[in-house]
Amino acid sequence: MSQRIAVVAGIALLLCAGIGVTSSQTPQPYVIGYISDFSGPFVDTFSPVHDGFRAHIDRVNTAGGVNGRQIQTIVRDDQLNATRAASLMRELVTSEAVNSIWSLSLSSTLPGVYTLAKRLSVPAISSVSAIKSTLPPAEDYAYSTGSPFEVAGEVSAKLAAPVAPSKGKLMCVTIDSAGGFAACGHTAAAAGAMGFTNDPLMFPPAKVEYGAIGERIASSQPAIVVTHLPAGLAPGVLLAARSAGYRGPMLLHNVAFNEATLVKAMETAGNFENTYVFSRYVLAHDPLPEVAEIGRAAEAVGVKPADFSGNHIAGWVHGKVAVAALTKCGFPCNGEKLNGALSNLSVDVGGLSGGPVVFQPADHQGTSWWKTYSFDSASKKFRPTGDWVEAPSKLTYTVGDKK
Amino acid sequence: MTDGRARAPAVRRPPTLHTSYRQTFRLWRGKEWWCLLSGIGVTLIWPFLVNAFWLHLSNLALIAVVATVGLNLLSGNARLVSLGQAALLAVGGFTAGILGAQYDLPFWLCLLTSLGTGGLTGILVGVPSLRLKAIYVAITTLALHFAVTTLVSIYQTEAVRAQGIVMPIPDFVFAKLGDSRPWFYFLLLVVALVIVAALNLERSYIGRRWIAVADHEVAARSAGINISVAKLTAFAISSAMVSLAGALGAYYEGVLTAETYDIQLAITSLAMIIVGGVGSVLGSVLGALLLTFLPYLLDAAMKPAGIALSGGSLNGIHSIAYGTLILLFLVFEPLGLAAVWYRIRNTCMLWPLKYTPLEAKR
Amino acid sequence: MQQLTSVLGVAGIYALLATGIVLVYRTSRVVNLAQGHLAILCAFCVAALLAAGYHWTAALPVTIAVGCLIAAVIYFAVMRRIVGEPAFVGLMATVGIAILLRGVMVVAFGGVTITTQPLLNGSIQLFGADLSATQVLVAVAAWGVVGAIVSVNQFTSIGLLMRATTENVVLAAQRGVNIDRIVCLAWVIAVCAAATGGFLHSQRAFVSTAAILIGVNALIAALIGGMDSFIGAVIGALAVAASEHFVLLHFEARYADLAPVCLMLVILTIRPWGLFGTQEDVERV
């Protein structure tokens, strides 16, 4: 019996040693961490962002890398769980010696990660979501290339004005969360200043039945509907509203969703009129040559052309920021040094946005540029209307902010 | 293994043989003190054996142990299946959050208050369950889950207006719980207290009353036990423990978000007591430890095998592993990991004898 | 009228799933928490087959066949082996199955949201109102299948055997009823109902792992009506769908999820066995 125990213990020890040996790292390349949601509720948003990010990093690596070194990305799935995101961040920093954490996922995971970033001295940069921590006065080690709810809210009112010039009732539809609250709160404040009346609608994020929501929108008959909804929900609400009979303009905030899903929703509803999208970065339907370039790079990493969406472009821009930061940092580049590089960085993204992505010491979001796209039923694509609208990172309105 | 007081020729008595009624009450029923001490020794030097990440996971596992031991008292001993684990953790977490972060009350006071609010919530959900039977008790706790998560989410959205409440770092007289290591020792202390409390409850009048009510309510009533009091105390004490775990979790994570308390958490907690062994404290400890480490162990196991899975499949594989584990234990070993442990222990201790005396089943 | 069709459609889907839950409970006294997972797994299957180019007349039967296979596996591998254990064990077994199925869904289908091209497009003129054809299809199909299941139970000889098993399992076994076959058949029917429910759900909404929540609502519907009553399942489904819709339309949307649960609590307080459930001395879970 004791012999058997000894043999089993020996095998167990060998297994542990094997696992230990194979997880050792070589320090030559830049090692960055990437934590996002790959299998949770918002995988439709974050998986394409990763593909776009990967496409850009691969292209840079093939061209020789940054400062002559390759960039190695270590990817983890946080399943939209704040605890898991924080645990994985600790794992990446301690076991894999990454110098930064990129992309992250929904805003609910961000506070924990940003707090940990400060504690571990490793910068965390979110790609799609953004919370107040990155707006001035910004917290150290917390950055974002995404769309903060507050900024999106304020700019949405500015963008709604040309779409519904006769003003009237503005219905802001969002999910019942702190982010949604902030988004519609700022939308309402800004819209009210422009002459709109407000009728907000918030529903729980876990909703799957949009029929009643559509009916509520239809029965309210607002002059314009503005939505701040994450990926899987916006097409559903659009479909429900159109099916219930609402024919007015709908302005959807592109919190990174797939244009193709939206088009399908409109096809199912049988209505293509009056649908607009506003976004910080260009959509995949934009006729810019840069967009086609990104599309080709995305195909190289395995993205099907039919799946190419604005999310990939957001990921591409995120990758550009990563490359720019690492270039400025030099080698060796640890978390603190990279943080220094990030806190004073300007990344030119060409025509992908109205201006460069700029980080400054107290402002880790920077001025953002937004454009409205309207749906063209003839070509079944979104076409840009109007110019880029500037949105400063300093908020104009306060919506009952507490601690 | 001879017993000193025996005058007869030295007979090798199994160490788990109890020869008096009083012996069954003992907290430590084995005889191998060296086993217990070496176990304690390894636990004490654990932070120096593992790296920061696994230490962090160990802390999470210890918090899970507190919650699972609490749930086990309710669902294991008193057999009142509760799906309200996430709700109670939220109650504890948000009590600590509101009092600790918003009103800056001291750490120990927040923990004690969370015990109180948890107990009250337990009684609140226990009262309607008195009339209901079986599955309906579970559904009442599910209703509690929905109610609490909605309330907590409304609080976060309206009152806090932020994505989460940032918790202060607990400051004791003698230590500041800023890093994983001091947290580990503090949590060990809490876990030890909780385990001793649970073991004492189990073998005391209160615990045996629960088991009597769970086994046969009519017979218990005819034996003079007040069913309502028994059920309500089960709810109250269990909920208080789980709430304490929630408060500890909130302080440890550093940030409190309402989204962490979803139904998946409640299901995982039930899985922990199933896999560990329903009705035994050792079972809940083992179950909590295994199921907390499992996803990360799977990650580590699949890495050297070079499986380049997209991140998505990893989550799926975790779920498949969880589900399969639960089903395997239910079908083949309904008494869980605790029974497996006792079998190994008895085999080791009784060797070369094969037959396990009845008293040694536990 | 539009709203009524929509609510009837939703209620129909809940009724389908609730009928499955009730059927399994009647024959084996096991509360099936995995009904929603089964429904959405089948919905994913159908969507994948449709996306691969197969016509729905091929995709749907194939999925139902796969569902029957899964039901048989569930019964013979798990449920049969835990007979005789306390009711708690059966419940946790279905929880284990639910977790397993979710994992399978994520691994096999990537956890993404799938949209399917609806079978019917456009609108129908009925009772003087313009109704979406899909909504009508969903409502008609769902209630049709529910009716079919109930009539099988009520009017066929195999249904008679099922009802015998419901009344008293031991007595039925002694009279020569093959309990194995009956319970397995109950599971198969339940999974087929779930598959149909999932398919219909994919017609009117998007399919993703979040859609598993329809199983929770179906469970609430079954509880409201009484765990062993088909009429109860129907009434419960209507009540759940109506309350959800009503609250969403006229109150804060955030309370829409709570409405069915509160309704259930109220009903259970008044009638602890559900509206139409039989008052039996149920063993402790």
# chains A, B, ... in the order shown; residues from 1 in each chain; ligands from 1
>>> interface_residues(of="chain A", to="chain B", cutoff="6 Å", atoms="only C-alpha atoms", output="PyMOL selection string")
chain A and resi 38-39+77+90-91+108+112+177-178
>>> residues_around(residues="Ala67 in chain B", least_positions_apart="6", cutoff="7 Å", atoms="only C-alpha atoms", output="list in words")
Met241, Val242 and Ala245 of chain B
>>> closest_residue(among="C:Ile82, C:Ala98, C:Leu131, C:Val136", to="chain A", atoms="only C-alpha atoms")
C:Leu131
>>> atom_distance(atom1="CA of Val183 in chain C", atom2="CA of Gly277 in chain C")
20.0 Å
>>> residues_around(residues="Met89 in chain A", least_positions_apart="6", cutoff="10 Å", atoms="only C-alpha atoms", output="number ranges by chain")
A: 33-35, 76, 78, 83, 95-96, 98, 100-101, 104, 113, 116-117, 120, 122, 124; B: 53
>>> select_by_dssp(residues="range 3-231 of chain A", states="strand (DSSP E)", output="number ranges by chain")
A: 30-36, 71-77, 101-103, 124-126, 129-130, 142-144, 147-148, 168-175, 196-198, 201-203, 224-228
>>> write_last_selection(atoms="C-alpha atoms", output="PDB file, in the first residue's frame")
ATOM      1  CA  TYR A  30       7.558  42.431 -25.604  1.00  0.00           C
ATOM      2  CA  VAL A  31       5.005  40.510 -23.575  1.00  0.00           C
ATOM      3  CA  ILE A  32       1.589  42.115 -23.283  1.00  0.00           C
ATOM      4  CA  GLY A  33      -1.543  40.734 -21.713  1.00  0.00           C
ATOM      5  CA  TYR A  34      -4.987  40.692 -23.302  1.00  0.00           C
ATOM      6  CA  ILE A  35      -8.020  39.980 -21.174  1.00  0.00           C
ATOM      7  CA  SER A  36     -11.470  40.096 -22.696  1.00  0.00           C
ATOM      8  CA  ILE A  71       5.195  41.501 -29.660  1.00  0.00           C
ATOM      9  CA  GLN A  72       3.846  38.497 -27.829  1.00  0.00           C
ATOM     10  CA  THR A  73       0.236  38.718 -26.729  1.00  0.00           C
ATOM     11  CA  ILE A  74      -1.017  36.437 -23.982  1.00  0.00           C
ATOM     12  CA  VAL A  75      -4.793  36.108 -24.130  1.00  0.00           C
ATOM     13  CA  ARG A  76      -7.187  35.246 -21.318  1.00  0.00           C
ATOM     14  CA  ASP A  77     -10.968  34.937 -21.162  1.00  0.00           C
ATOM     15  CA  ILE A 101      -3.200  44.571 -19.888  1.00  0.00           C
ATOM     16  CA  TRP A 102      -5.169  45.421 -23.027  1.00  0.00           C
ATOM     17  CA  SER A 103      -8.758  45.463 -24.166  1.00  0.00           C
ATOM     18  CA  ALA A 124      -4.626  48.679 -18.062  1.00  0.00           C
ATOM     19  CA  ILE A 125      -6.067  49.996 -21.306  1.00  0.00           C
ATOM     20  CA  SER A 126      -9.654  49.223 -22.231  1.00  0.00           C
ATOM     21  CA  SER A 129     -15.876  50.356 -22.676  1.00  0.00           C
ATOM     22  CA  ALA A 130     -14.761  53.246 -20.597  1.00  0.00           C
ATOM     23  CA  ALA A 142      -6.022  53.482 -16.206  1.00  0.00           C
ATOM     24  CA  TYR A 143      -6.523  54.219 -19.915  1.00  0.00           C
ATOM     25  CA  SER A 144      -9.143  53.761 -22.555  1.00  0.00           C
ATOM     26  CA  SER A 147     -16.413  55.238 -25.628  1.00  0.00           C
ATOM     27  CA  PRO A 148     -17.183  56.439 -22.120  1.00  0.00           C
ATOM     28  CA  GLY A 168     -39.661  67.080 -29.714  1.00  0.00           C
ATOM     29  CA  LYS A 169     -39.406  64.007 -27.488  1.00  0.00           C
ATOM     30  CA  LEU A 170     -36.101  62.176 -27.292  1.00  0.00           C
ATOM     31  CA  MET A 171     -36.350  58.621 -26.032  1.00  0.00           C
ATOM     32  CA  CYS A 172     -33.096  57.273 -24.676  1.00  0.00           C
ATOM     33  CA  VAL A 173     -33.053  53.474 -24.503  1.00  0.00           C
ATOM     34  CA  THR A 174     -30.362  51.748 -22.505  1.00  0.00           C
ATOM     35  CA  ILE A 175     -29.680  48.922 -20.108  1.00  0.00           C
ATOM     36  CA  PHE A 196     -35.653  68.205 -26.561  1.00  0.00           C
ATOM     37  CA  THR A 197     -37.966  66.695 -23.972  1.00  0.00           C
ATOM     38  CA  ASN A 198     -36.861  63.410 -22.497  1.00  0.00           C
ATOM     39  CA  LEU A 201     -36.337  53.710 -21.029  1.00  0.00           C
ATOM     40  CA  MET A 202     -34.032  51.379 -19.126  1.00  0.00           C
ATOM     41  CA  PHE A 203     -34.356  47.618 -19.043  1.00  0.00           C
ATOM     42  CA  ILE A 224     -36.191  60.322 -32.148  1.00  0.00           C
ATOM     43  CA  VAL A 225     -34.927  57.245 -30.348  1.00  0.00           C
ATOM     44  CA  VAL A 226     -31.332  57.244 -29.157  1.00  0.00           C
ATOM     45  CA  THR A 227     -29.938  53.931 -27.929  1.00  0.00           C
ATOM     46  CA  HIS A 228     -26.882  53.200 -25.827  1.00  0.00           C
TER      47      HIS A 228
END
>>> closest_atom_pairs(of="range 293-380 of chain A", to="range 151-155 of chain A", cutoff="12 Å", atoms="only C-alpha atoms", output="tab-separated table")
residue	atom	partner	partner_atom	distance
A:Gln365	CA	A:Val151	CA	10.1
A:Gly366	CA	A:Val151	CA	10.7
A:Thr367	CA	A:Val151	CA	9.6
A:Ser368	CA	A:Val151	CA	8.6
A:Trp369	CA	A:Val155	CA	9.3
A:Trp370	CA	A:Val155	CA	7.7
A:Lys371	CA	A:Val155	CA	9.9
A:Thr372	CA	A:Val155	CA	10.7
>>> write_last_selection(atoms="all heavy atoms", output="JSON list (two decimals), in the first residue's frame")
[["chain", "number", "residue", "atom", "x", "y", "z"],
["A", 365, "GLN", "N", -8.27, 59.69, -21.62],
["A", 365, "GLN", "CA", -9.28, 59.37, -22.63],
["A", 365, "GLN", "C", -9.04, 60.21, -23.88],
["A", 365, "GLN", "O", -9.04, 59.72, -24.98],
["A", 365, "GLN", "CB", -10.67, 59.66, -22.06],
["A", 365, "GLN", "CG", -11.81, 59.29, -22.97],
["A", 365, "GLN", "CD", -11.94, 57.79, -23.12],
["A", 365, "GLN", "OE1", -11.85, 57.05, -22.14],
["A", 365, "GLN", "NE2", -12.12, 57.31, -24.32],
["A", 366, "GLY", "N", -8.84, 61.48, -23.67],
["A", 366, "GLY", "CA", -8.55, 62.38, -24.78],
["A", 366, "GLY", "C", -9.81, 62.82, -25.49],
["A", 366, "GLY", "O", -10.89, 62.26, -25.33],
["A", 367, "THR", "N", -9.65, 63.84, -26.32],
["A", 367, "THR", "CA", -10.76, 64.31, -27.14],
["A", 367, "THR", "C", -11.14, 63.22, -28.12],
["A", 367, "THR", "O", -10.28, 62.60, -28.74],
["A", 367, "THR", "CB", -10.34, 65.56, -27.93],
["A", 367, "THR", "OG1", -9.83, 66.51, -27.01],
["A", 367, "THR", "CG2", -11.52, 66.14, -28.67],
["A", 368, "SER", "N", -12.42, 62.96, -28.26],
["A", 368, "SER", "CA", -12.84, 61.93, -29.20],
["A", 368, "SER", "C", -13.66, 62.57, -30.32],
["A", 368, "SER", "O", -14.21, 63.67, -30.17],
["A", 368, "SER", "CB", -13.66, 60.85, -28.49],
["A", 368, "SER", "OG", -14.62, 61.44, -27.66],
["A", 369, "TRP", "N", -13.72, 61.91, -31.45],
["A", 369, "TRP", "CA", -14.41, 62.41, -32.63],
["A", 369, "TRP", "C", -15.47, 61.42, -33.04],
["A", 369, "TRP", "O", -15.23, 60.21, -33.08],
["A", 369, "TRP", "CB", -13.41, 62.62, -33.76],
["A", 369, "TRP", "CG", -12.32, 63.57, -33.35],
["A", 369, "TRP", "CD1", -11.21, 63.27, -32.64],
["A", 369, "TRP", "CD2", -12.26, 64.96, -33.63],
["A", 369, "TRP", "NE1", -10.46, 64.40, -32.43],
["A", 369, "TRP", "CE2", -11.07, 65.45, -33.04],
["A", 369, "TRP", "CE3", -13.09, 65.87, -34.32],
["A", 369, "TRP", "CZ2", -10.69, 66.78, -33.13],
["A", 369, "TRP", "CZ3", -12.69, 67.19, -34.40],
["A", 369, "TRP", "CH2", -11.51, 67.65, -33.81],
["A", 370, "TRP", "N", -16.65, 61.91, -33.38],
["A", 370, "TRP", "CA", -17.79, 61.03, -33.65],
["A", 370, "TRP", "C", -18.42, 61.37, -34.98],
["A", 370, "TRP", "O", -18.49, 62.53, -35.37],
["A", 370, "TRP", "CB", -18.83, 61.18, -32.54],
["A", 370, "TRP", "CG", -18.26, 60.89, -31.19],
["A", 370, "TRP", "CD1", -17.43, 61.69, -30.46],
["A", 370, "TRP", "CD2", -18.48, 59.72, -30.43],
["A", 370, "TRP", "NE1", -17.12, 61.09, -29.28],
["A", 370, "TRP", "CE2", -17.75, 59.88, -29.24],
["A", 370, "TRP", "CE3", -19.22, 58.56, -30.63],
["A", 370, "TRP", "CZ2", -17.74, 58.91, -28.25],
["A", 370, "TRP", "CZ3", -19.21, 57.60, -29.64],
["A", 370, "TRP", "CH2", -18.47, 57.77, -28.46],
["A", 371, "LYS", "N", -18.93, 60.34, -35.64],
["A", 371, "LYS", "CA", -19.58, 60.57, -36.93],
["A", 371, "LYS", "C", -20.89, 59.81, -36.97],
["A", 371, "LYS", "O", -21.02, 58.73, -36.40],
["A", 371, "LYS", "CB", -18.66, 60.11, -38.06],
["A", 371, "LYS", "CG", -19.13, 60.54, -39.43],
["A", 371, "LYS", "CD", -18.19, 60.04, -40.50],
["A", 371, "LYS", "CE", -17.25, 61.15, -40.91],
["A", 371, "LYS", "NZ", -16.72, 60.95, -42.25],
["A", 372, "THR", "N", -21.86, 60.40, -37.69],
["A", 372, "THR", "CA", -23.14, 59.72, -37.88],
["A", 372, "THR", "C", -23.16, 59.04, -39.22],
["A", 372, "THR", "O", -22.68, 59.56, -40.21],
["A", 372, "THR", "CB", -24.30, 60.74, -37.84],
["A", 372, "THR", "OG1", -24.08, 61.65, -36.78],
["A", 372, "THR", "CG2", -25.62, 60.04, -37.66]]
>>> select_by_dssp(residues="range 45-236 of chain C", states="helix (DSSP H, G or I)", output="number ranges by chain")
C: 45-51, 56-82, 87-109, 133-155, 157-167, 169-174, 179-204, 209-225, 230-236
>>> write_last_selection(atoms="C-alpha atoms", output="short mmCIF file (atom, residue, chain, number, x, y, z; two decimals), in the first residue's frame")
data_model
loop_
_atom_site.label_atom_id
_atom_site.label_comp_id
_atom_site.auth_asym_id
_atom_site.auth_seq_id
_atom_site.Cartn_x
_atom_site.Cartn_y
_atom_site.Cartn_z
CA CYS C 45 -28.53 23.12 -33.73
CA VAL C 46 -31.36 24.22 -35.98
CA ALA C 47 -29.75 27.59 -36.61
CA ALA C 48 -26.44 25.98 -37.48
CA LEU C 49 -28.08 23.53 -39.87
CA LEU C 50 -30.07 26.32 -41.50
CA ALA C 51 -26.93 28.40 -41.85
CA TRP C 56 -35.96 23.74 -42.39
CA THR C 57 -37.92 20.60 -43.28
CA ALA C 58 -34.64 18.74 -42.92
CA ALA C 59 -33.10 20.80 -40.12
CA LEU C 60 -35.99 20.60 -37.69
CA PRO C 61 -36.51 16.81 -37.77
CA VAL C 62 -32.79 16.20 -37.50
CA THR C 63 -32.60 18.44 -34.46
CA ILE C 64 -35.56 16.72 -32.87
CA ALA C 65 -33.89 13.38 -33.50
CA VAL C 66 -30.72 14.67 -31.84
CA GLY C 67 -32.88 15.88 -28.97
CA CYS C 68 -34.42 12.44 -28.54
CA LEU C 69 -30.96 10.97 -28.44
CA ILE C 70 -29.90 13.44 -25.76
CA ALA C 71 -33.02 12.62 -23.76
CA ALA C 72 -32.28 8.92 -23.94
CA VAL C 73 -28.69 9.51 -22.84
CA ILE C 74 -29.85 11.70 -19.94
CA TYR C 75 -32.26 9.06 -18.82
CA PHE C 76 -30.10 5.98 -19.09
CA ALA C 77 -26.81 7.52 -18.02
CA VAL C 78 -28.00 9.69 -15.16
CA MET C 79 -31.64 9.61 -14.15
CA ARG C 80 -31.99 5.86 -14.03
CA ARG C 81 -29.03 5.49 -11.75
CA ILE C 82 -30.22 7.91 -9.13
CA ALA C 87 -35.31 14.27 -4.32
CA PHE C 88 -32.46 16.72 -3.80
CA VAL C 89 -30.22 14.47 -5.87
CA GLY C 90 -32.54 14.52 -8.86
CA LEU C 91 -32.66 18.29 -8.77
CA MET C 92 -28.89 18.60 -8.60
CA ALA C 93 -28.53 16.07 -11.42
CA THR C 94 -30.55 18.33 -13.68
CA VAL C 95 -28.40 21.25 -12.52
CA GLY C 96 -25.32 19.26 -13.47
CA ILE C 97 -26.85 18.49 -16.87
CA ALA C 98 -27.66 22.17 -17.31
CA ILE C 99 -24.07 23.22 -16.63
CA LEU C 100 -22.79 20.48 -18.95
CA LEU C 101 -25.13 21.52 -21.76
CA ARG C 102 -24.10 25.14 -21.44
CA GLY C 103 -20.49 24.10 -21.80
CA VAL C 104 -21.32 22.00 -24.86
CA MET C 105 -23.18 24.94 -26.40
CA VAL C 106 -20.24 27.28 -25.92
CA VAL C 107 -17.70 24.80 -27.26
CA ALA C 108 -19.77 23.62 -30.21
CA PHE C 109 -21.34 26.89 -31.29
CA ALA C 133 -46.78 36.28 -39.86
CA THR C 134 -43.95 35.05 -37.68
CA GLN C 135 -45.79 35.91 -34.50
CA VAL C 136 -48.89 34.09 -35.69
CA LEU C 137 -46.83 31.07 -36.68
CA VAL C 138 -45.13 30.95 -33.31
CA ALA C 139 -48.38 31.22 -31.39
CA VAL C 140 -50.18 28.63 -33.49
CA ALA C 141 -47.31 26.15 -33.57
CA ALA C 142 -46.56 26.41 -29.85
CA TRP C 143 -50.11 25.92 -28.68
CA GLY C 144 -50.61 23.22 -31.29
CA VAL C 145 -47.74 21.14 -29.94
CA VAL C 146 -48.88 21.70 -26.35
CA GLY C 147 -52.31 20.48 -27.33
CA ALA C 148 -50.78 17.47 -29.04
CA ILE C 149 -48.79 16.48 -25.98
CA VAL C 150 -51.76 16.86 -23.67
CA SER C 151 -54.00 14.82 -25.96
CA VAL C 152 -51.38 12.09 -26.22
CA ASN C 153 -51.36 11.96 -22.46
CA GLN C 154 -55.11 12.02 -22.21
CA PHE C 155 -56.41 9.93 -25.11
CA SER C 157 -53.01 4.08 -24.52
CA ILE C 158 -49.44 5.04 -23.87
CA GLY C 159 -50.81 8.16 -22.27
CA LEU C 160 -52.87 5.95 -20.03
CA LEU C 161 -49.72 4.16 -18.92
CA MET C 162 -48.12 7.52 -18.21
CA ARG C 163 -51.03 8.59 -16.10
CA ALA C 164 -50.82 5.32 -14.22
CA THR C 165 -47.17 5.98 -13.49
CA THR C 166 -48.08 9.44 -12.26
CA GLU C 167 -50.66 8.13 -9.84
CA VAL C 169 -45.34 4.22 -9.58
CA VAL C 170 -45.07 1.06 -7.51
CA LEU C 171 -48.58 -0.06 -8.32
CA ALA C 172 -48.10 0.61 -12.00
CA ALA C 173 -44.88 -1.41 -12.00
CA GLN C 174 -46.64 -4.27 -10.32
CA ILE C 179 -41.49 2.13 -15.96
CA ASP C 180 -38.13 2.46 -17.69
CA ARG C 181 -39.78 2.92 -21.04
CA ILE C 182 -42.43 5.28 -19.73
CA VAL C 183 -40.02 7.60 -17.97
CA CYS C 184 -37.66 7.55 -20.92
CA LEU C 185 -40.57 8.42 -23.19
CA ALA C 186 -41.51 11.26 -20.86
CA TRP C 187 -37.99 12.65 -21.12
CA VAL C 188 -38.02 12.26 -24.89
CA ILE C 189 -41.28 14.15 -25.20
CA ALA C 190 -40.03 16.82 -22.83
CA VAL C 191 -36.88 17.34 -24.87
CA CYS C 192 -38.84 17.39 -28.12
CA ALA C 193 -41.12 20.03 -26.64
CA ALA C 194 -38.06 21.98 -25.57
CA ALA C 195 -36.56 21.66 -29.05
CA THR C 196 -39.73 23.00 -30.64
CA GLY C 197 -39.82 25.79 -28.09
CA GLY C 198 -36.24 26.68 -28.84
CA PHE C 199 -36.87 26.67 -32.57
CA LEU C 200 -39.89 28.93 -32.19
CA HIS C 201 -37.91 31.23 -29.92
CA SER C 202 -35.27 31.54 -32.63
CA GLN C 203 -38.02 32.67 -34.98
CA ARG C 204 -38.97 35.66 -32.92
CA THR C 209 -26.68 31.52 -24.25
CA ALA C 210 -28.52 34.33 -22.46
CA ALA C 211 -31.79 32.95 -23.84
CA ILE C 212 -31.57 30.08 -21.37
CA LEU C 213 -33.62 32.29 -19.07
CA ILE C 214 -36.78 31.15 -20.83
CA GLY C 215 -36.28 27.94 -18.88
CA VAL C 216 -36.50 29.84 -15.60
CA ASN C 217 -39.74 31.49 -16.68
CA ALA C 218 -41.11 28.12 -17.77
CA LEU C 219 -40.24 26.68 -14.36
CA ILE C 220 -42.06 29.55 -12.68
CA ALA C 221 -45.04 28.90 -14.95
CA ALA C 222 -45.06 25.22 -14.00
CA LEU C 223 -44.81 26.10 -10.32
CA ILE C 224 -47.66 28.58 -10.51
CA GLY C 225 -49.89 26.04 -12.14
CA PHE C 230 -50.92 20.31 -17.61
CA ILE C 231 -53.75 22.82 -17.32
CA GLY C 232 -51.70 24.46 -14.63
CA ALA C 233 -48.71 24.71 -16.96
CA VAL C 234 -50.88 26.39 -19.60
CA ILE C 235 -52.45 28.86 -17.17
CA GLY C 236 -49.09 29.49 -15.56
#
>>> closest_atom_pairs(of="chain A", to="chain C", cutoff="7 Å", atoms="only C-alpha atoms", output="Markdown table")
| residue | atom | partner | partner_atom | distance |
| --- | --- | --- | --- | --- |
| A:Ser39 | CA | C:Gly111 | CA | 5.5 |
| A:Pro41 | CA | C:Ala210 | CA | 6.5 |
| A:Val43 | CA | C:Val112 | CA | 6.2 |
| A:Asp44 | CA | C:Val112 | CA | 5.8 |
| A:Asp176 | CA | C:Arg254 | CA | 6.7 |
| A:Met202 | CA | C:Ala253 | CA | 6.1 |
| A:Phe203 | CA | C:Ala253 | CA | 4.7 |
| A:Pro204 | CA | C:Arg254 | CA | 5.1 |
| A:Ala206 | CA | C:Ala210 | CA | 6.9 |
| A:Val208 | CA | C:Ala211 | CA | 6.0 |
| A:Gly211 | CA | C:Ser6 | CA | 6.9 |
| A:Ala212 | CA | C:His245 | CA | 5.7 |
| A:Ile213 | CA | C:Leu248 | CA | 6.9 |
| A:Arg216 | CA | C:Leu249 | CA | 5.6 |
| A:Gly232 | CA | C:Thr113 | CA | 6.9 |
>>> decode(residues="range 159-169 of chain C", atoms="N, CA and C atoms", output="PDB file, in the first residue's frame")
ATOM      1  N   GLY C 159     -50.513   7.091 -23.210  1.00  0.00           N
ATOM      2  CA  GLY C 159     -50.806   8.164 -22.266  1.00  0.00           C
ATOM      3  C   GLY C 159     -51.441   7.608 -21.008  1.00  0.00           C
ATOM      4  N   LEU C 160     -52.246   6.588 -21.191  1.00  0.00           N
ATOM      5  CA  LEU C 160     -52.866   5.948 -20.033  1.00  0.00           C
ATOM      6  C   LEU C 160     -51.804   5.359 -19.120  1.00  0.00           C
ATOM      7  N   LEU C 161     -50.812   4.712 -19.723  1.00  0.00           N
ATOM      8  CA  LEU C 161     -49.717   4.158 -18.925  1.00  0.00           C
ATOM      9  C   LEU C 161     -48.970   5.263 -18.195  1.00  0.00           C
ATOM     10  N   MET C 162     -48.800   6.401 -18.872  1.00  0.00           N
ATOM     11  CA  MET C 162     -48.118   7.516 -18.212  1.00  0.00           C
ATOM     12  C   MET C 162     -48.913   8.013 -17.024  1.00  0.00           C
ATOM     13  N   ARG C 163     -50.202   8.104 -17.197  1.00  0.00           N
ATOM     14  CA  ARG C 163     -51.026   8.591 -16.096  1.00  0.00           C
ATOM     15  C   ARG C 163     -51.008   7.603 -14.947  1.00  0.00           C
ATOM     16  N   ALA C 164     -50.923   6.317 -15.282  1.00  0.00           N
ATOM     17  CA  ALA C 164     -50.816   5.316 -14.221  1.00  0.00           C
ATOM     18  C   ALA C 164     -49.532   5.505 -13.434  1.00  0.00           C
ATOM     19  N   THR C 165     -48.445   5.750 -14.154  1.00  0.00           N
ATOM     20  CA  THR C 165     -47.167   5.976 -13.490  1.00  0.00           C
ATOM     21  C   THR C 165     -47.226   7.206 -12.595  1.00  0.00           C
ATOM     22  N   THR C 166     -47.957   8.212 -13.064  1.00  0.00           N
ATOM     23  CA  THR C 166     -48.080   9.435 -12.264  1.00  0.00           C
ATOM     24  C   THR C 166     -48.791   9.146 -10.954  1.00  0.00           C
ATOM     25  N   GLU C 167     -49.859   8.376 -11.031  1.00  0.00           N
ATOM     26  CA  GLU C 167     -50.658   8.133  -9.838  1.00  0.00           C
ATOM     27  C   GLU C 167     -49.866   7.378  -8.779  1.00  0.00           C
ATOM     28  N   ASN C 168     -49.316   6.262  -9.189  1.00  0.00           N
ATOM     29  CA  ASN C 168     -48.634   5.424  -8.204  1.00  0.00           C
ATOM     30  C   ASN C 168     -47.625   4.544  -8.940  1.00  0.00           C
ATOM     31  N   VAL C 169     -46.376   4.899  -8.795  1.00  0.00           N
ATOM     32  CA  VAL C 169     -45.344   4.218  -9.580  1.00  0.00           C
ATOM     33  C   VAL C 169     -45.254   2.731  -9.226  1.00  0.00           C
TER      34      VAL C 169
END
